[in-house]
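Colleague: Dropping the structure in here first, questions after.
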Amino acid sequence: MRLTGVFLLLILAGACSHRPDNPLFVFPAGPYDSVPQPDYNPATEKGVALGKKLFFDPILSADGKVSCATCHLPSLAFTDGQALTRRGVSGEPLLRHAPALFNLAWYDGFFWDGGSKNLESQVFGPLIHPDEMGVDLKQLMEKLNRHPEYPTLFAEVWGTDTINSQRLARTMAQYERTLLSFSSPYDKWKAGEYELPEQALRGYDVYRSHCSGCHPEPWFTDFGYHNNAIDTAFTNTTHELTYFGRYRITNDSVDIGRYKTPSLRNLGFTAPYMHDGRFADMDAVFKHYFRDHTANTGADSLLKQGSYAMTGEAEREALYVFLMQLNDTAFTRNP
């Protein structure tokens with residue numbers, strides 16, 4: 001992603017550990033007027049550029065064929081269009097759908113169950129997973145330190161040409177914090193630069209009545225975890241309780257079946273949907289939320305409170321039109 005443009009965002013000092021002296025991100029005024037980043041890893045232009053290079057380099061995988069971008073394509077809002085991809089080094093299907101990557105700086109939990117607390121630690125999950133990039137970290141550091149370019153590039157960022165796993169993770173996290181999606185028609189409408197179609201405005205009302213509890217503006221996620229009633233039983237205890245949702249992390253029974261709330265932004269690029277990609281399109285999503293979920297007594301209280309069954313076809317069509325106004329082509333086409 002390029003870091004040039006007509007707007008310049010200053011990383012402001014505040015509760016989220018911003019750096020006031022580090023002008024970097026291109027961003028308009030509004031809810032995103034400062035990008036959170038930790039004091040121990042403030043972004044720099046060279047750090048972001050190096051993180052981007054690493055993100056797209058298959059050298060990070062065991063077979064030298066899989067990069068982060070293999071499963072996180074910019075044109076698909078950094079998803080891969082697969083339900084359970086086989087694009088990793090093993091060729092085996094993953095157990096969860098590759099999530100979209102944007103506006104990550106505001107999250108305090110990563111992976112579908114929140115198993116990682118920050119981007120710096122999240123990096124290691126796909127790197128070492130045998131079905132994803134499958135790399136041995138010690139061997140990877142040896143390979144990077146022998147590389148004709150990387151030691152010099154790391155020295156420019158960190159002041160030393162010795163590459164270790166901590167510097168690798170921090171560099172990649174700097175790049176991932178620049179994946180900012182804020183230029184959809186909805187955003188232009190909120191800024192007074194665009195008029196939403198009448199049907200989209202009706203859909204906005206439907207969204208506020210039925211969806212905003214878990215997907216509030218402007219992020220269109222509450223950054224939380226919910227049981228959205230797509231499963232009624234949890235009996236598969238394999239793979240370290242992966243099929244139990246956030247319970248795998250907290251060991252609290254109230255978290256059985258709860259998964260991270262994805263943003264409704266960029267839905268036009270991120271099908272299939274849900275943590276396991278089981279719903280191929282928005283028709284299937286609407287069918288679940290406006291009908292099928294009512295049979296599941298384990299549904300989240302916010303879901304139970306909605307009068308979804310009363311929503312007619314015209315309202316659902318309007319909702320779809322509105323949700324498509326959240327697609328940010330400026331983001332997906334950004335070189």
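The chains in the structure tokens are called A, B, ... from first to last as shown; in each chain the residues are counted from 1, and the ligands are counted from 1 in the order shown.
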Residues at most 9 Å from Asn103 (chain A), counting only C-alpha atoms, excluding those fewer than 6 positions away in the same chain, as a ChimeraX atom specification?
Modeller: /A:35,176-182,219
Colleague: Generate the output file for the selected residues, N, CA, C and O atoms, as a CSV table (one decimal), in the first residue's frame.
Modeller:
```csv
chain,number,residue,atom,x,y,z
A,35,VAL,N,-4.1,6.5,14.5
A,35,VAL,CA,-4.0,5.0,14.3
A,35,VAL,C,-3.2,4.5,15.5
A,35,VAL,O,-2.1,4.9,15.8
A,176,GLU,N,1.1,-4.2,8.5
A,176,GLU,CA,-0.3,-4.5,8.7
A,176,GLU,C,-1.1,-3.4,9.3
A,176,GLU,O,-2.3,-3.3,9.0
A,177,ARG,N,-0.6,-2.6,10.1
A,177,ARG,CA,-1.3,-1.5,10.6
A,177,ARG,C,-1.6,-0.4,9.6
A,177,ARG,O,-2.4,0.5,9.9
A,178,THR,N,-1.0,-0.4,8.4
A,178,THR,CA,-1.3,0.5,7.4
A,178,THR,C,-2.4,0.0,6.4
A,178,THR,O,-2.7,0.7,5.5
A,179,LEU,N,-3.0,-1.1,6.7
A,179,LEU,CA,-4.0,-1.6,5.8
A,179,LEU,C,-5.3,-1.0,6.3
A,179,LEU,O,-6.1,-1.6,7.1
A,180,LEU,N,-5.6,0.2,5.8
A,180,LEU,CA,-6.7,1.0,6.3
A,180,LEU,C,-7.8,1.2,5.2
A,180,LEU,O,-7.5,1.6,4.1
A,181,SER,N,-9.0,0.8,5.6
A,181,SER,CA,-10.1,0.9,4.6
A,181,SER,C,-11.1,1.9,5.1
A,181,SER,O,-11.8,1.7,6.2
A,182,PHE,N,-11.2,3.1,4.4
A,182,PHE,CA,-12.0,4.2,4.9
A,182,PHE,C,-12.6,5.0,3.8
A,182,PHE,O,-13.2,6.0,4.0
A,219,TRP,N,-16.8,1.2,12.5
A,219,TRP,CA,-16.0,0.0,12.2
A,219,TRP,C,-16.8,-1.1,11.6
A,219,TRP,O,-16.3,-2.0,11.0
```
Colleague: Could you give me, as a compact mmCIF listing (two decimals) with C-alpha atoms, in the first residue's frame, the residues within 6 Å of Gln325 (chain A), counting only C-alpha atoms and dropping anything in the same chain fewer than 3 positions from it?
Modeller:
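And here is the file that came out, result-v6.txt:
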```txt
# COMPACT_ATOMS: atom_id res chain seq x y z
CA PRO A 185 -19.33 5.22 -0.68
CA TYR A 186 -20.65 5.05 2.90
CA PHE A 322 -26.63 -0.61 1.75
```
Colleague: Tell me which of A:Ala169, A:Tyr243, A:His97, A:Ala280 sits closest to Gly125 (chain A), counting only C-alpha atoms.
Modeller: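 Smallest distance to Gly125 (chain A) is found for A:Ala169.
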Colleague: Need to verify the contact set: region 222-229 of chain A, 9 Å, only C-alpha atoms, exclusion of same-chain residues closer than 3 positions in sequence. Can you return it as an NGL selection string?
Modeller: :A and (106-109 or 112-114 or 212-217 or 219 or 232 or 245-246 or 255-263 or 288-289 or 292-303)
Colleague: I'd like the neighbourhood of region 151-160 of chain A as a VMD selection string, where a residue qualifies if any of its atoms comes within 10 Å (using only C-alpha atoms), though same-chain residues fewer than 2 positions away should be ignored.
Modeller: chain A and resid 43 to 51 144 to 149 162 to 164 167 to 168 171
Colleague: List every residue of region 49-257 of chain A that DSSP, applied to the backbone of this structure, places in helix (DSSP H, G or I), and write the result as a ChimeraX atom specification.
Modeller: /A:49-55,58-60,68-71,74-76,104-106,119-122,124-128,137-146,150-158,165-176,185-190,198-210,238-244,247-250,253-255
Colleague: Would you compute the distance between CA of Gly81 (chain A) and CA of Pro272 (chain A)? Give it in Å to one decimal.
Modeller: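 Here the two named atoms are 6.4 Å from each other.
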Colleague: Go through A:Leu319, A:Leu54, A:Ile230, A:Ile59 and flag the residue nearest Gln139 (chain A), using only C-alpha atoms for the distances.
Modeller: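 Residue with the minimum atom-to-atom distance to Gln139 (chain A): A:Ile59.
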Colleague: Pick out the closest residue to Glu313 (chain A) from this set: A:Lys52, A:Lys188, A:Lys287, A:Arg208. Count only C-alpha atoms.
Modeller: A:Lys287
Colleague: Kindly indicate which residue among A:Ala191, A:Ala100, A:Leu119, A:Leu326 lies nearest to Met172 (chain A), using only C-alpha atoms for the distances.
Modeller: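 Of all the options, A:Leu119 lies closest to Met172 (chain A).
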Colleague: For the strand (DSSP E) assignment from backbone DSSP, which residues of region 148-331 of chain A qualify? Please present them as a list in words.
Modeller: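 DSSP-assigned strand (DSSP E) residues in region 148-331 of chain A: Tyr225, His226, Tyr259 and Lys260 of chain A.
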Colleague: Taking only C-alpha atoms into account, name the residue in A:Asp328, A:Thr237, A:Ser75, A:Asp131 that is nearest to Asp187 (chain A).
Modeller: A:Asp328
Colleague: I'd like the contact shell of Arg278 (chain A) - 10 Å cut-off, only C-alpha atoms, skipping same-chain residues fewer than 4 positions apart - returned as a ChimeraX atom specification.
Modeller: /A:82-84,96-97,230,271-274,284-285
Colleague: Put those residues in a file: N, CA and C atoms, as an mmCIF file, in the first residue's frame.
Modeller:
```cif
data_model
loop_
_atom_site.group_PDB
_atom_site.id
_atom_site.type_symbol
_atom_site.label_atom_id
_atom_site.label_comp_id
_atom_site.auth_asym_id
_atom_site.auth_seq_id
_atom_site.Cartn_x
_atom_site.Cartn_y
_atom_site.Cartn_z
ATOM 1 N N GLN A 82 -11.698 -18.448 -0.602
ATOM 2 C CA GLN A 82 -11.888 -19.866 -0.307
ATOM 3 C C GLN A 82 -12.588 -20.016 1.045
ATOM 4 N N ALA A 83 -13.335 -21.105 1.183
ATOM 5 C CA ALA A 83 -13.942 -21.375 2.489
ATOM 6 C C ALA A 83 -12.865 -21.828 3.467
ATOM 7 N N LEU A 84 -12.235 -22.939 3.164
ATOM 8 C CA LEU A 84 -11.134 -23.481 3.957
ATOM 9 C C LEU A 84 -9.999 -23.766 2.990
ATOM 10 N N ARG A 96 -10.208 -23.012 9.555
ATOM 11 C CA ARG A 96 -10.968 -21.760 9.601
ATOM 12 C C ARG A 96 -10.704 -20.939 8.351
ATOM 13 N N HIS A 97 -11.648 -20.094 8.047
ATOM 14 C CA HIS A 97 -11.611 -19.216 6.888
ATOM 15 C C HIS A 97 -10.579 -18.104 7.096
ATOM 16 N N ILE A 230 -24.990 -20.399 14.355
ATOM 17 C CA ILE A 230 -24.861 -21.239 13.159
ATOM 18 C C ILE A 230 -24.611 -22.704 13.524
ATOM 19 N N ALA A 271 -16.443 -12.925 0.339
ATOM 20 C CA ALA A 271 -17.139 -14.208 0.368
ATOM 21 C C ALA A 271 -16.118 -15.343 0.187
ATOM 22 N N PRO A 272 -16.419 -16.523 0.735
ATOM 23 C CA PRO A 272 -17.578 -16.906 1.534
ATOM 24 C C PRO A 272 -17.472 -16.387 2.969
ATOM 25 N N TYR A 273 -18.554 -16.573 3.730
ATOM 26 C CA TYR A 273 -18.683 -15.900 5.011
ATOM 27 C C TYR A 273 -18.734 -16.872 6.193
ATOM 28 N N MET A 274 -18.517 -16.335 7.365
ATOM 29 C CA MET A 274 -18.444 -16.998 8.665
ATOM 30 C C MET A 274 -17.028 -17.540 8.901
ATOM 31 N N ALA A 284 -27.305 -16.650 1.554
ATOM 32 C CA ALA A 284 -27.213 -17.656 2.612
ATOM 33 C C ALA A 284 -27.079 -16.998 3.983
ATOM 34 N N VAL A 285 -26.347 -15.900 4.044
ATOM 35 C CA VAL A 285 -26.202 -15.167 5.309
ATOM 36 C C VAL A 285 -27.555 -14.632 5.769
#
```
Colleague: CA of Leu196 (chain A) and CA of His210 (chain A) are how many Å apart?
Modeller: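 A separation of 19.4 Å between them.
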Colleague: Give the answer as one residue: which of A:Ala330, A:Leu94, A:Leu76, A:Ala62 has the shortest atom-to-atom distance to Lys143 (chain A), using only C-alpha atoms?
Modeller: A:Ala62
Colleague: One decimal, in Å: what's the spacing between CA of Glu120 (chain A) and CA of Lys53 (chain A)?
Modeller: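 We find that CA of Glu120 (chain A) and CA of Lys53 (chain A) lie 16.4 Å from each other.
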